[in-house]
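**Student:** Contents of structure.txt (compact mmCIF, C-alpha atoms) are given next:
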# COMPACT_ATOMS: atom_id res chain seq x y z
CA MET A 23 43.86 6.86 15.76
CA LYS A 24 43.96 10.15 17.67
CA GLN A 25 44.26 10.49 21.44
CA VAL A 26 41.34 11.98 23.37
CA TYR A 27 41.79 14.61 26.08
CA ILE A 28 39.61 16.22 28.70
CA ASN A 29 40.22 19.89 28.02
CA SER A 30 37.78 21.41 30.46
CA VAL A 31 35.25 20.73 33.20
CA GLY A 32 32.07 22.40 34.45
CA SER A 33 30.21 21.03 37.43
CA ILE A 34 27.08 21.88 39.38
CA SER A 35 26.60 19.59 42.34
CA ALA A 36 25.72 19.46 46.01
CA GLN A 37 29.19 20.94 46.57
CA LYS A 38 30.43 24.34 45.43
CA THR A 39 31.97 22.84 42.32
CA PHE A 40 30.77 25.53 39.90
CA ASP A 41 33.89 27.53 40.80
CA ASN A 42 36.69 25.95 38.78
CA ASP A 43 39.33 27.81 40.79
CA SER A 44 38.74 25.67 43.86
CA PHE A 45 38.71 21.92 44.34
CA LEU A 46 36.47 20.77 47.20
CA GLU A 47 38.14 23.22 49.59
CA ASP A 48 34.92 24.02 51.40
CA VAL A 49 33.03 20.72 51.62
CA VAL A 50 29.35 20.84 52.60
CA GLY A 51 28.17 17.97 54.82
CA TYR A 52 24.56 16.80 54.77
CA GLU A 53 22.31 14.78 57.05
CA ASP A 54 19.41 13.80 54.83
CA ASN A 55 18.23 11.13 52.40
CA VAL A 56 17.85 13.52 49.44
CA ILE A 57 20.33 16.30 48.68
CA SER A 58 19.99 19.12 46.15
CA VAL A 59 22.66 21.00 44.28
CA ILE A 60 24.16 24.26 45.46
CA ASP A 61 22.85 26.66 42.85
CA PRO A 62 25.14 29.11 41.13
CA ASN A 63 23.54 32.44 40.21
CA TYR A 64 21.86 31.18 37.03
CA LYS A 65 21.08 34.75 35.98
CA ASP A 66 24.79 35.38 35.52
CA TYR A 67 24.74 32.81 32.69
CA ILE A 68 21.24 32.69 31.19
CA PRO A 69 19.20 35.68 29.94
CA PRO A 70 15.91 36.02 31.89
CA ALA A 71 13.79 35.58 28.76
CA ALA A 72 15.41 32.20 28.08
CA ALA A 73 15.55 31.13 31.73
CA ARG A 74 11.85 31.54 32.45
CA ARG A 75 10.87 28.33 30.69
CA MET A 76 13.78 26.31 32.00
CA ALA A 77 13.30 23.88 34.86
CA LYS A 78 16.23 23.36 37.20
CA GLY A 79 17.82 20.50 35.26
CA ILE A 80 17.95 22.58 32.10
CA LYS A 81 19.47 25.52 33.95
CA MET A 82 22.04 23.22 35.58
CA GLY A 83 22.98 21.69 32.22
CA VAL A 84 23.18 24.99 30.36
CA VAL A 85 25.28 26.64 33.08
CA ALA A 86 27.61 23.65 33.58
CA SER A 87 28.17 23.57 29.81
CA LYS A 88 28.93 27.30 29.75
CA ILE A 89 31.43 26.88 32.59
CA ALA A 90 33.06 24.01 30.65
CA LEU A 91 33.28 26.08 27.47
CA GLN A 92 34.74 29.00 29.40
CA ASP A 93 37.30 26.67 30.98
CA ALA A 94 38.24 25.38 27.53
CA GLY A 95 38.54 28.91 26.14
CA LEU A 96 36.05 28.05 23.39
CA GLU A 97 33.09 29.94 21.98
CA ASN A 98 31.55 26.86 20.40
CA VAL A 99 32.03 23.12 19.87
CA ASP A 100 31.58 20.73 16.95
CA ALA A 101 29.12 18.45 18.72
CA ILE A 102 27.04 18.19 21.89
CA ILE A 103 26.38 14.84 23.53
CA THR A 104 24.25 14.71 26.66
CA GLY A 105 23.50 11.86 29.02
CA THR A 106 20.52 11.76 31.36
CA GLY A 107 18.76 8.94 33.14
CA MET A 108 15.49 10.69 33.90
CA GLY A 109 15.56 13.73 31.64
CA CYS A 110 13.58 16.80 32.56
CA VAL A 111 11.62 15.02 35.23
CA ARG A 112 10.18 18.16 36.90
CA ASP A 113 8.41 19.28 33.74
CA SER A 114 7.30 15.70 33.09
CA GLU A 115 5.77 15.59 36.57
CA LYS A 116 4.16 18.99 36.04
CA PHE A 117 2.64 17.98 32.73
CA VAL A 118 1.36 14.60 33.88
CA SER A 119 -0.01 16.09 37.12
CA ALA A 120 -1.85 18.74 35.08
CA ILE A 121 -3.44 15.99 32.97
CA ILE A 122 -4.71 14.26 36.12
CA ASP A 123 -5.65 17.36 38.13
CA ASN A 124 -7.54 19.00 35.25
CA ASP A 125 -9.25 15.83 34.04
CA GLU A 126 -7.34 15.92 30.75
CA GLN A 127 -8.50 19.50 30.07
CA TYR A 128 -6.63 22.81 29.98
CA LEU A 129 -3.25 21.37 29.03
CA THR A 130 -0.58 23.99 28.48
CA PRO A 131 2.29 23.44 26.08
CA THR A 132 5.35 24.73 27.95
CA SER A 133 6.00 21.92 30.41
CA PHE A 134 5.27 19.32 27.70
CA ILE A 135 7.72 20.93 25.28
CA GLN A 136 10.38 21.20 27.99
CA SER A 137 9.85 17.73 29.43
CA THR A 138 11.61 15.67 26.79
CA HIS A 139 14.92 14.02 27.62
CA ASN A 140 16.82 15.91 24.93
CA THR A 141 15.69 19.36 26.09
CA VAL A 142 19.02 20.05 27.83
CA GLY A 143 21.08 19.19 24.75
CA GLY A 144 18.71 21.26 22.61
CA GLN A 145 18.85 24.29 24.89
CA ILE A 146 22.65 24.17 25.02
CA ALA A 147 22.74 24.08 21.22
CA LEU A 148 20.29 27.01 21.01
CA GLU A 149 22.37 29.06 23.44
CA LEU A 150 25.58 28.31 21.51
CA GLN A 151 23.93 28.35 18.10
CA CYS A 152 25.67 25.00 17.59
CA LYS A 153 24.19 23.23 14.56
CA GLY A 154 26.49 20.21 14.79
CA TYR A 155 25.82 16.63 15.93
CA ASN A 156 23.49 16.67 18.92
CA PHE A 157 22.60 13.47 20.68
CA THR A 158 21.15 12.51 24.04
CA TYR A 159 21.72 9.12 25.62
CA VAL A 160 19.09 7.85 28.04
CA HIS A 161 20.73 4.67 29.26
CA ALA A 162 19.88 4.76 32.98
CA SER A 163 23.08 4.82 35.04
CA ASN A 164 25.23 4.28 31.94
CA SER A 165 23.93 7.43 30.26
CA PHE A 166 27.03 9.51 30.93
CA GLU A 167 29.43 6.74 29.94
CA SER A 168 27.50 6.38 26.67
CA THR A 169 28.22 10.03 25.86
CA LEU A 170 31.85 9.43 26.72
CA LEU A 171 32.09 6.41 24.45
CA ASP A 172 30.38 8.19 21.54
CA ALA A 173 32.63 11.27 21.85
CA LYS A 174 35.75 9.14 22.24
CA LEU A 175 35.04 7.20 19.05
CA GLN A 176 34.32 10.35 17.04
CA LEU A 177 37.44 12.14 18.30
CA GLU A 178 39.69 9.11 17.79
CA ASN A 179 38.50 8.93 14.20
CA ASP A 180 39.04 12.69 13.83
CA GLU A 181 35.41 13.22 12.84
CA GLU A 182 35.25 16.21 15.22
CA LYS A 183 37.81 18.32 17.09
CA ASN A 184 35.94 19.51 20.18
CA ILE A 185 32.91 17.79 21.67
CA LEU A 186 30.90 18.94 24.67
CA ILE A 187 29.70 16.00 26.72
CA GLY A 188 27.84 15.91 29.99
CA GLY A 189 25.60 14.12 32.40
CA VAL A 190 22.60 15.81 33.97
CA ASP A 191 19.75 14.73 36.22
CA GLU A 192 17.41 16.73 38.43
CA LEU A 193 15.33 15.79 41.47
CA GLY A 194 11.55 15.89 41.11
CA ASP A 195 9.17 15.70 44.08
CA HIS A 196 6.99 12.90 42.71
CA THR A 197 9.97 10.87 41.48
CA VAL A 198 11.57 11.15 44.91
CA ALA A 199 8.31 10.08 46.61
CA ILE A 200 8.07 6.99 44.37
CA HIS A 201 11.70 6.02 44.96
CA LYS A 202 11.13 6.33 48.70
CA LEU A 203 8.11 4.01 48.44
CA ILE A 204 10.13 1.28 46.73
CA ASN A 205 13.11 1.70 49.09
CA HIS A 206 15.50 2.96 46.46
CA ILE A 207 15.98 5.97 48.74
CA LYS A 208 17.10 5.33 52.29
CA PRO A 209 14.29 5.62 54.84
CA GLU A 210 16.47 7.56 57.27
CA ALA A 211 18.55 10.73 57.10
CA VAL A 212 22.22 9.80 56.78
CA LYS A 213 25.23 11.94 57.60
CA SER A 214 27.46 12.33 54.53
CA SER A 215 30.48 11.10 56.47
CA ASN A 216 28.61 7.93 57.57
CA LEU A 217 27.12 7.03 54.18
CA LEU A 218 29.05 3.82 53.68
CA ASP A 219 28.35 2.67 57.25
CA SER A 220 24.62 3.34 57.16
CA GLY A 221 23.81 -0.37 56.96
CA THR A 222 20.44 0.21 55.31
CA GLU A 223 18.86 -0.35 51.91
CA GLY A 224 18.68 2.38 49.30
CA ALA A 225 20.77 5.41 48.50
CA VAL A 226 20.86 9.08 49.38
CA PHE A 227 19.48 10.64 46.22
CA GLY A 228 20.99 13.71 44.61
CA GLU A 229 21.14 15.67 41.39
CA GLY A 230 23.73 17.49 39.32
CA ALA A 231 25.21 18.42 35.99
CA ASN A 232 28.80 17.72 35.00
CA PHE A 233 30.00 18.80 31.56
CA PHE A 234 33.35 18.45 29.80
CA VAL A 235 34.94 19.54 26.57
CA LEU A 236 36.73 16.56 25.05
CA SER A 237 39.18 17.11 22.24
CA ASN A 238 41.74 15.30 20.13
CA GLU A 239 44.05 18.27 20.53
CA LYS A 240 46.05 18.39 23.72
CA LYS A 241 46.49 21.75 25.41
CA ALA A 242 48.76 22.89 28.22
CA SER A 243 45.57 23.22 30.28
CA SER A 244 44.24 19.71 29.50
CA TYR A 245 43.08 17.71 32.50
CA ALA A 246 43.65 14.12 31.41
CA ASN A 247 43.92 11.64 28.59
CA ILE A 248 41.00 9.23 28.19
CA ILE A 249 42.43 5.76 27.71
CA GLY A 250 39.36 3.59 27.74
CA VAL A 251 35.72 3.19 28.64
CA LYS A 252 33.71 -0.01 28.80
CA LEU A 253 30.04 -0.49 29.63
CA TYR A 254 28.05 -3.52 30.73
CA ASN A 255 24.32 -3.69 31.25
CA THR A 256 24.65 -6.86 33.29
CA LEU A 257 27.71 -8.17 35.03
CA PRO A 258 27.62 -10.83 37.76
CA LYS A 259 29.12 -9.75 41.06
CA ALA A 260 31.66 -12.56 40.94
CA GLU A 261 32.99 -11.31 37.60
CA VAL A 262 33.55 -7.64 38.43
CA SER A 263 37.18 -8.02 39.54
CA GLN A 264 38.22 -10.18 36.59
CA THR A 265 36.43 -7.82 34.20
CA ALA A 266 38.39 -4.92 35.68
CA LEU A 267 41.64 -6.83 35.24
CA ASP A 268 40.76 -7.75 31.64
CA PHE A 269 39.94 -4.09 30.94
CA LEU A 270 43.34 -3.06 32.28
CA ALA A 271 45.07 -5.79 30.24
CA GLU A 272 43.31 -4.58 27.07
CA ASN A 273 44.94 -1.24 27.73
CA ASN A 274 48.35 -2.79 28.52
CA LEU A 275 48.05 -2.03 32.21
CA ASP A 276 48.22 -3.98 35.44
CA VAL A 277 46.84 -3.45 38.95
CA LYS A 278 50.12 -1.91 40.07
CA ASP A 279 49.82 0.75 37.34
CA ILE A 280 46.66 2.14 38.91
CA ASP A 281 47.39 5.02 41.25
CA ILE A 282 43.78 5.60 42.25
CA LEU A 283 40.65 3.49 42.07
CA ILE A 284 37.51 5.66 42.14
CA LEU A 285 34.42 3.74 43.23
CA GLY A 286 30.72 4.54 43.02
CA ASN A 287 29.70 3.14 46.44
CA ASN A 288 26.45 4.72 47.59
CA GLY A 289 25.95 3.00 50.95
CA ASP A 290 23.16 0.68 49.76
CA ILE A 291 23.65 -2.48 51.80
CA LYS A 292 22.01 -4.55 49.03
CA PHE A 293 24.37 -3.51 46.22
CA ASP A 294 27.59 -2.07 47.66
CA ASP A 295 29.05 -5.57 47.71
CA PHE A 296 29.61 -5.23 43.95
CA TYR A 297 32.61 -3.13 45.04
CA THR A 298 33.84 -5.43 47.81
CA ASP A 299 36.21 -7.62 45.78
CA LEU A 300 37.82 -4.63 44.11
CA GLN A 301 38.18 -2.83 47.42
CA SER A 302 39.39 -5.57 49.69
CA LYS A 303 41.13 -7.94 47.29
CA THR A 304 42.11 -6.91 43.78
CA PHE A 305 42.97 -3.26 44.48
CA HIS A 306 43.63 -3.65 48.20
CA ASN A 307 47.06 -2.04 47.86
CA ASN A 308 45.91 0.80 45.63
CA GLN A 309 44.69 4.16 46.84
CA GLN A 310 40.87 4.25 46.75
CA VAL A 311 38.48 7.15 46.48
CA TYR A 312 34.68 7.52 46.68
CA TYR A 313 32.38 10.46 45.98
CA LYS A 314 28.66 9.77 46.22
CA HIS A 315 28.59 11.06 49.83
CA LEU A 316 29.34 14.47 48.28
CA CYS A 317 26.89 14.50 45.36
CA GLY A 318 24.23 11.89 46.14
CA GLU A 319 23.09 9.08 43.84
CA PHE A 320 21.49 9.78 40.48
CA ASN A 321 21.68 8.17 37.07
CA THR A 322 24.54 10.40 35.94
CA ALA A 323 26.32 10.64 39.31
CA SER A 324 29.31 8.91 37.73
CA SER A 325 29.92 12.15 35.80
CA PHE A 326 30.78 13.67 39.19
CA GLY A 327 33.31 10.83 39.64
CA PHE A 328 34.70 11.68 36.20
CA TRP A 329 34.94 15.35 37.27
CA LEU A 330 36.72 14.28 40.46
CA ALA A 331 39.22 12.15 38.53
CA SER A 332 39.89 15.00 36.09
CA LYS A 333 40.57 17.44 38.93
CA ILE A 334 42.82 14.98 40.78
CA LEU A 335 44.94 14.37 37.67
CA LYS A 336 45.27 18.05 36.87
CA THR A 337 45.88 19.35 40.40
CA GLN A 338 47.72 16.26 41.66
CA THR A 339 45.83 16.58 44.94
CA ILE A 340 43.19 14.44 46.60
CA PRO A 341 40.87 16.10 49.12
CA ASP A 342 40.84 14.10 52.38
CA VAL A 343 37.04 13.88 52.29
CA VAL A 344 37.07 11.45 49.33
CA LYS A 345 39.75 9.07 50.60
CA LEU A 346 38.38 5.59 51.10
CA ASN A 347 41.43 3.75 52.45
CA LYS A 348 44.77 4.53 54.03
CA VAL A 349 46.99 3.91 51.00
CA GLU A 350 48.64 7.16 49.89
CA ASN A 351 50.53 7.90 46.70
CA SER A 352 52.77 10.88 46.11
CA SER A 353 51.76 11.38 42.48
CA TYR A 354 48.77 10.37 40.42
CA LYS A 355 49.20 9.26 36.84
CA THR A 356 46.52 6.66 36.16
CA ILE A 357 42.98 6.43 37.50
CA LEU A 358 40.45 3.63 37.09
CA LEU A 359 36.79 4.41 37.75
CA TYR A 360 34.17 1.75 38.37
CA ASN A 361 30.48 2.42 38.86
CA GLN A 362 27.22 0.48 38.94
CA TYR A 363 23.71 1.16 40.19
CA ARG A 364 21.57 -1.50 41.81
CA GLY A 365 23.71 -4.23 40.27
CA GLU A 366 23.19 -3.03 36.71
CA ASN A 367 24.83 -0.71 34.20
CA HIS A 368 28.45 -1.21 35.14
CA SER A 369 31.16 1.02 33.73
CA PHE A 370 34.93 1.05 33.77
CA THR A 371 36.76 4.23 32.75
CA LEU A 372 40.49 4.71 32.51
CA LEU A 373 42.16 8.12 32.64
CA LYS A 374 45.82 9.10 32.50
CA GLN A 375 47.71 12.23 33.36
CA CYS A 376 48.73 14.16 30.26
CA MET B 22 -12.41 46.05 36.24
CA ASP B 23 -9.32 47.18 38.18
CA ALA B 24 -9.44 44.02 40.30
CA LEU B 25 -9.64 41.91 37.13
CA LYS B 26 -6.63 43.71 35.61
CA GLN B 27 -4.60 43.13 38.78
CA GLU B 28 -5.67 39.44 38.77
CA LEU B 29 -4.68 39.11 35.09
CA LYS B 30 -1.22 40.56 35.74
CA GLU B 31 -0.68 38.16 38.64
CA ASN B 32 -1.88 35.18 36.57
CA ILE B 33 0.27 36.10 33.58
CA ILE B 34 3.37 36.46 35.77
CA GLU B 35 2.70 33.08 37.39
CA GLN B 36 1.64 31.15 34.27
CA LEU B 37 4.42 32.49 32.08
CA ASN B 38 7.14 32.35 34.77
CA LEU B 39 8.02 36.03 34.42
CA GLU B 40 10.28 35.57 37.43
CA ASP B 41 11.69 39.06 37.78
CA MET B 42 8.41 40.93 37.24
CA SER B 43 5.75 42.20 39.59
CA PRO B 44 2.24 43.37 38.61
CA ASP B 45 3.45 46.96 39.04
CA ASP B 46 5.93 46.43 36.18
CA ILE B 47 3.09 45.83 33.71
CA ALA B 48 1.13 48.92 32.65
CA ASN B 49 -2.47 48.34 31.59
CA ASP B 50 -1.74 49.51 28.06
CA ASP B 51 1.67 47.83 27.63
CA MET B 52 1.90 45.67 24.51
CA LEU B 53 2.06 42.07 25.73
CA PHE B 54 3.70 40.74 22.55
CA GLY B 55 6.42 42.19 20.35
CA ASP B 56 8.19 45.22 21.75
CA GLY B 57 6.26 45.30 25.00
CA LEU B 58 6.49 42.34 27.36
CA GLY B 59 8.10 40.28 24.59
CA LEU B 60 5.76 37.32 24.84
CA ASP B 61 5.82 34.77 22.02
CA SER B 62 3.60 32.18 20.33
CA ILE B 63 4.02 29.60 23.12
CA ASP B 64 2.86 32.24 25.60
CA ALA B 65 -0.17 32.87 23.38
CA LEU B 66 -1.14 29.20 23.76
CA GLU B 67 -0.71 29.48 27.54
CA LEU B 68 -2.97 32.56 27.56
CA ILE B 69 -5.64 30.77 25.49
CA VAL B 70 -5.67 27.93 28.04
CA MET B 71 -5.78 30.47 30.88
CA LEU B 72 -8.87 32.15 29.39
CA ASP B 73 -10.59 28.76 29.14
CA LYS B 74 -9.61 27.50 32.58
CA SER B 75 -10.09 30.67 34.61
CA TYR B 76 -12.90 32.46 32.79
CA GLY B 77 -14.66 29.77 30.75
CA ILE B 78 -13.85 31.46 27.44
CA LYS B 79 -13.03 29.20 24.50
CA LEU B 80 -11.25 30.92 21.64
CA THR B 81 -12.15 28.99 18.53
CA ASP B 82 -10.43 31.31 16.08
CA PRO B 83 -6.74 31.79 17.00
CA LYS B 84 -6.72 35.01 14.94
CA GLU B 85 -9.04 36.54 17.54
CA GLY B 86 -6.18 36.28 20.02
CA ARG B 87 -4.14 38.94 18.29
CA ALA B 88 -6.56 41.69 19.29
CA ILE B 89 -7.61 40.21 22.64
CA PHE B 90 -4.06 39.74 23.89
CA GLU B 91 -2.82 43.14 22.79
CA SER B 92 -2.70 44.51 26.36
CA ILE B 93 -4.11 44.01 29.85
CA ASN B 94 -6.82 46.56 28.94
CA THR B 95 -7.98 44.59 25.89
CA MET B 96 -7.86 41.28 27.74
CA ALA B 97 -9.87 42.63 30.68
CA ALA B 98 -12.48 44.14 28.36
CA TYR B 99 -12.92 40.89 26.42
CA ILE B 100 -13.11 38.77 29.58
CA THR B 101 -15.67 41.09 31.18
CA GLU B 102 -17.90 40.76 28.13
CA HIS B 103 -17.53 37.03 27.47
CA ARG B 104 -16.72 35.27 30.75
CA THR B 105 -18.91 32.32 31.77
CA LYS B 106 -17.30 31.84 35.19
What is this structure when it is put down as structure tokens?

**Tutor:**
Amino acid sequence: MKQVYINSVGSISAQKTFDNDSFLEDVVGYEDNVISVIDPNYKDYIPPAAARRMAKGIKMGVVASKIALQDAGLENVDAIITGTGMGCVRDSEKFVSAIIDNDEQYLTPTSFIQSTHNTVGGQIALELQCKGYNFTYVHASNSFESTLLDAKLQLENDEEKNILIGGVDELGDHTVAIHKLINHIKPEAVKSSNLLDSGTEGAVFGEGANFFVLSNEKKASSYANIIGVKLYNTLPKAEVSQTALDFLAENNLDVKDIDILILGNNGDIKFDDFYTDLQSKTFHNNQQVYYKHLCGEFNTASSFGFWLASKILKTQTIPDVVKLNKVENSSYKTILLYNQYRGENHSFTLLKQC
Amino acid sequence: MDALKQELKENIIEQLNLEDMSPDDIANDDMLFGDGLGLDSIDALELIVMLDKSYGIKLTDPKEGRAIFESINTMAAYITEHRTK
């Protein structure tokens, strides 16, 4: 079985992550309950004729994938695997609103065509002229991890050499309004630095696109080696710690082998206790990192955590803004990521320096 | 007629998301499809819906569109003759 490496990253988020030469050097703080991405100049990457039908999520995905390909020094890939929880929600909202507003008359095709969940993967393939395997996973907050698992299996079995994977989700006005109504979005504006102390229900919503070229060929520029990924739709709170330990044992590792634990806390008082045991008991003596105060919560927010882990392993630095506890290590070899959203769709991912 | 042509240019730019264009960039006799503005078959469908919604014109024969949508001039002439609203 072949090893799998992260050979490049491309990120568009609420931070200036589209520049691969810097690593959270100029962090943007927010005081809001919904935060949008910092847009790169999309015109630098997408021809105007192609861009005019693309909603923001498509542009984010296409550009993040181009940045990842550039970073990998590749013109094309063998396969494209995309993860998205909500798909192209802006065009979906536009299309459905038009149906209602126009009494089911005068329906135009563009927003309907562009509203499907696999539009991003399709547009990336069109831009690259990639006719290989193209798949989109829509598995709520496990969508990105599903792409990771699929790519890992294919690369381990040497079915492909280079696979582009990514997670992308965009904010849509109506979707945000609905999530506010059902208290999945915090009622109050929260300062990024106070997210975990907000003491209220719901999350600060965000959006973003994080893409990676995974390969079974290691390069001098590779970011990390992917050791394992495991997904659970349901996992009782009381079993999270033991499941993490079992996952480590399956990969011949122990708690003391983990240099950094990256957690998906989003400040939701109802569900952040899924992380409590890991934080205060099992991995109490390990360095801990969090990230959703930087990118907001969305179904593929964990792809930002994956980006963060990749950058930490490659640069061997941890920006102060993501440190969750006072434990400090001098070098970082092994990272465990754990994420869940509203008590469902749990994922454990294990990365190693390479 | 001039007001209608200006309105058509504004509507086309908005409906077809021609982000970097202004009405001044579209000449009245510019070809809308092919070598001119470069519109395609999806845009043609958008224009058919626009005729229906804004001017009450239902195109029953899609082949008619080829001549009607040749330029702003041809569109304005057709709309002036057939509009019901």

**Student:** Can you pull out every residue within 7 Å of range 228-233 of chain A, counting only C-alpha atoms, but drop anything in the same chain fewer than 6 positions away, and send it as number ranges by chain?

**Tutor:** A: 31-35, 56-59, 82-83, 86-87, 90, 186-193, 317-320, 325-326, 329

**Student:** Between A:Glu126, A:Asp276, A:Asp342, A:Asp219, which residue has the minimum interatomic distance to chain B, considering all atoms listed in the file?

**Tutor:**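 Ranking A:Glu126, A:Asp276, A:Asp342, A:Asp219 by distance to chain B, first place goes to A:Glu126.
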
**Student:** Using only C-alpha atoms, what residues lie at most 10 Å away from (-7.7, 42.6, 31.6) (file coordinates), given as a list in words?

**Tutor:**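 Protein and nucleic acid residues near the point are Met22, Asp23, Ala24, Leu25, Lys26, Gln27, Glu28, Leu29, Lys30, Asn49, Asp50, Ile89, Phe90, Ser92, Ile93, Asn94, Thr95, Met96, Ala97, Ala98, Tyr99, Ile100 and Thr101 of chain B.
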
**Student:** How many Å lie between CA of Tyr67 in chain A and CA of Ala147 in chain A, rounded to one decimal?

**Tutor:**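 Taking CA of Tyr67 in chain A as the start and CA of Ala147 in chain A as the end point, the length is 14.6 Å.
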
**Student:** Using 12 Å as the limit and counting all atoms listed in the file, can you tabulate each residue of chain B that touches chain A, with its shortest atom-to-atom distance in Å and the two atoms involved, as JSON lines?

**Tutor:**
{"residue": "B:Ile34", "atom": "CA", "partner": "A:Arg74", "partner_atom": "CA", "distance": 10.4}
{"residue": "B:Glu35", "atom": "CA", "partner": "A:Arg74", "partner_atom": "CA", "distance": 10.5}
{"residue": "B:Gln36", "atom": "CA", "partner": "A:Thr130", "partner_atom": "CA", "distance": 9.5}
{"residue": "B:Leu37", "atom": "CA", "partner": "A:Arg74", "partner_atom": "CA", "distance": 7.5}
{"residue": "B:Asn38", "atom": "CA", "partner": "A:Arg74", "partner_atom": "CA", "distance": 5.3}
{"residue": "B:Leu39", "atom": "CA", "partner": "A:Arg74", "partner_atom": "CA", "distance": 6.2}
{"residue": "B:Glu40", "atom": "CA", "partner": "A:Arg74", "partner_atom": "CA", "distance": 6.6}
{"residue": "B:Asp41", "atom": "CA", "partner": "A:Pro70", "partner_atom": "CA", "distance": 7.9}
{"residue": "B:Met42", "atom": "CA", "partner": "A:Pro70", "partner_atom": "CA", "distance": 10.4}
{"residue": "B:Leu58", "atom": "CA", "partner": "A:Ala71", "partner_atom": "CA", "distance": 10.0}
{"residue": "B:Gly59", "atom": "CA", "partner": "A:Ala71", "partner_atom": "CA", "distance": 8.5}
{"residue": "B:Leu60", "atom": "CA", "partner": "A:Ala71", "partner_atom": "CA", "distance": 9.1}
{"residue": "B:Asp61", "atom": "CA", "partner": "A:Ala71", "partner_atom": "CA", "distance": 10.5}
{"residue": "B:Ser62", "atom": "CA", "partner": "A:Pro131", "partner_atom": "CA", "distance": 10.5}
{"residue": "B:Ile63", "atom": "CA", "partner": "A:Thr132", "partner_atom": "CA", "distance": 7.0}
{"residue": "B:Asp64", "atom": "CA", "partner": "A:Thr132", "partner_atom": "CA", "distance": 8.3}
{"residue": "B:Ala65", "atom": "CA", "partner": "A:Pro131", "partner_atom": "CA", "distance": 10.1}
{"residue": "B:Leu66", "atom": "CA", "partner": "A:Thr130", "partner_atom": "CA", "distance": 7.1}
{"residue": "B:Glu67", "atom": "CA", "partner": "A:Thr130", "partner_atom": "CA", "distance": 5.6}
{"residue": "B:Leu68", "atom": "CA", "partner": "A:Thr130", "partner_atom": "CA", "distance": 8.9}
{"residue": "B:Ile69", "atom": "CA", "partner": "A:Thr130", "partner_atom": "CA", "distance": 9.0}
{"residue": "B:Val70", "atom": "CA", "partner": "A:Tyr128", "partner_atom": "CA", "distance": 5.6}
{"residue": "B:Met71", "atom": "CA", "partner": "A:Tyr128", "partner_atom": "CA", "distance": 7.8}
{"residue": "B:Leu72", "atom": "CA", "partner": "A:Tyr128", "partner_atom": "CA", "distance": 9.6}
{"residue": "B:Asp73", "atom": "CA", "partner": "A:Tyr128", "partner_atom": "CA", "distance": 7.2}
{"residue": "B:Lys74", "atom": "CA", "partner": "A:Tyr128", "partner_atom": "CA", "distance": 6.1}
{"residue": "B:Ser75", "atom": "CA", "partner": "A:Tyr128", "partner_atom": "CA", "distance": 9.8}
{"residue": "B:Tyr76", "atom": "CA", "partner": "A:Tyr128", "partner_atom": "CA", "distance": 11.8}
{"residue": "B:Gly77", "atom": "CA", "partner": "A:Tyr128", "partner_atom": "CA", "distance": 10.7}
{"residue": "B:Ile78", "atom": "CA", "partner": "A:Tyr128", "partner_atom": "CA", "distance": 11.6}
{"residue": "B:Lys79", "atom": "CA", "partner": "A:Tyr128", "partner_atom": "CA", "distance": 10.6}

**Student:** Got time to write the residues from that selection, C-alpha atoms, as a short mmCIF file (atom, residue, chain, number, x, y, z; two decimals), keeping the file's coordinate frame?

**Tutor:**
data_model
loop_
_atom_site.label_atom_id
_atom_site.label_comp_id
_atom_site.auth_asym_id
_atom_site.auth_seq_id
_atom_site.Cartn_x
_atom_site.Cartn_y
_atom_site.Cartn_z
CA ILE B 34 3.37 36.46 35.77
CA GLU B 35 2.70 33.08 37.39
CA GLN B 36 1.64 31.15 34.27
CA LEU B 37 4.42 32.49 32.08
CA ASN B 38 7.14 32.35 34.77
CA LEU B 39 8.02 36.03 34.42
CA GLU B 40 10.28 35.57 37.43
CA ASP B 41 11.69 39.06 37.78
CA MET B 42 8.41 40.93 37.24
CA LEU B 58 6.49 42.34 27.36
CA GLY B 59 8.10 40.28 24.59
CA LEU B 60 5.76 37.32 24.84
CA ASP B 61 5.82 34.77 22.02
CA SER B 62 3.60 32.18 20.33
CA ILE B 63 4.02 29.60 23.12
CA ASP B 64 2.86 32.24 25.60
CA ALA B 65 -0.17 32.87 23.38
CA LEU B 66 -1.14 29.20 23.76
CA GLU B 67 -0.71 29.48 27.54
CA LEU B 68 -2.97 32.56 27.56
CA ILE B 69 -5.64 30.77 25.49
CA VAL B 70 -5.67 27.93 28.04
CA MET B 71 -5.78 30.47 30.88
CA LEU B 72 -8.87 32.15 29.39
CA ASP B 73 -10.59 28.76 29.14
CA LYS B 74 -9.61 27.50 32.58
CA SER B 75 -10.09 30.67 34.61
CA TYR B 76 -12.90 32.46 32.79
CA GLY B 77 -14.66 29.77 30.75
CA ILE B 78 -13.85 31.46 27.44
CA LYS B 79 -13.03 29.20 24.50
#

**Student:** List as a list in words the protein and nucleic acid residues near Thr356 in chain A, meaning an atom at most 6 Å away when all atoms listed in the file are counted, but skip any in the same chain fewer than 5 places from it.

**Tutor:**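 Counting all atoms listed in the file, the residues come to Ile280, Asp281, Leu373 and Lys374 of chain A.
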
**Student:** Find the spatial neighbours of Tyr297 in chain A, counting only C-alpha atoms, within a cut-off of 9 Å - ignore same-chain residues fewer than 5 positions away - and output them as an MDAnalysis selection string.

**Tutor:** chainID A and resid 259 262:263 285:287 302 360:362

**Student:** Mind giving me the straight-line distance from CA of Val118 in chain A to CA of Gly79 in chain A in Å, one decimal?

**Tutor:** 17.5 Å

**Student:** Name the closest residue to Met23 in chain A among the candidates A:Asn238, A:Asn179, A:Ser369, A:Asn351; distances are taken between atoms, counting all atoms listed in the file.

**Tutor:**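 Going through A:Asn238, A:Asn179, A:Ser369, A:Asn351 one by one, the smallest distance to Met23 in chain A is for A:Asn179.
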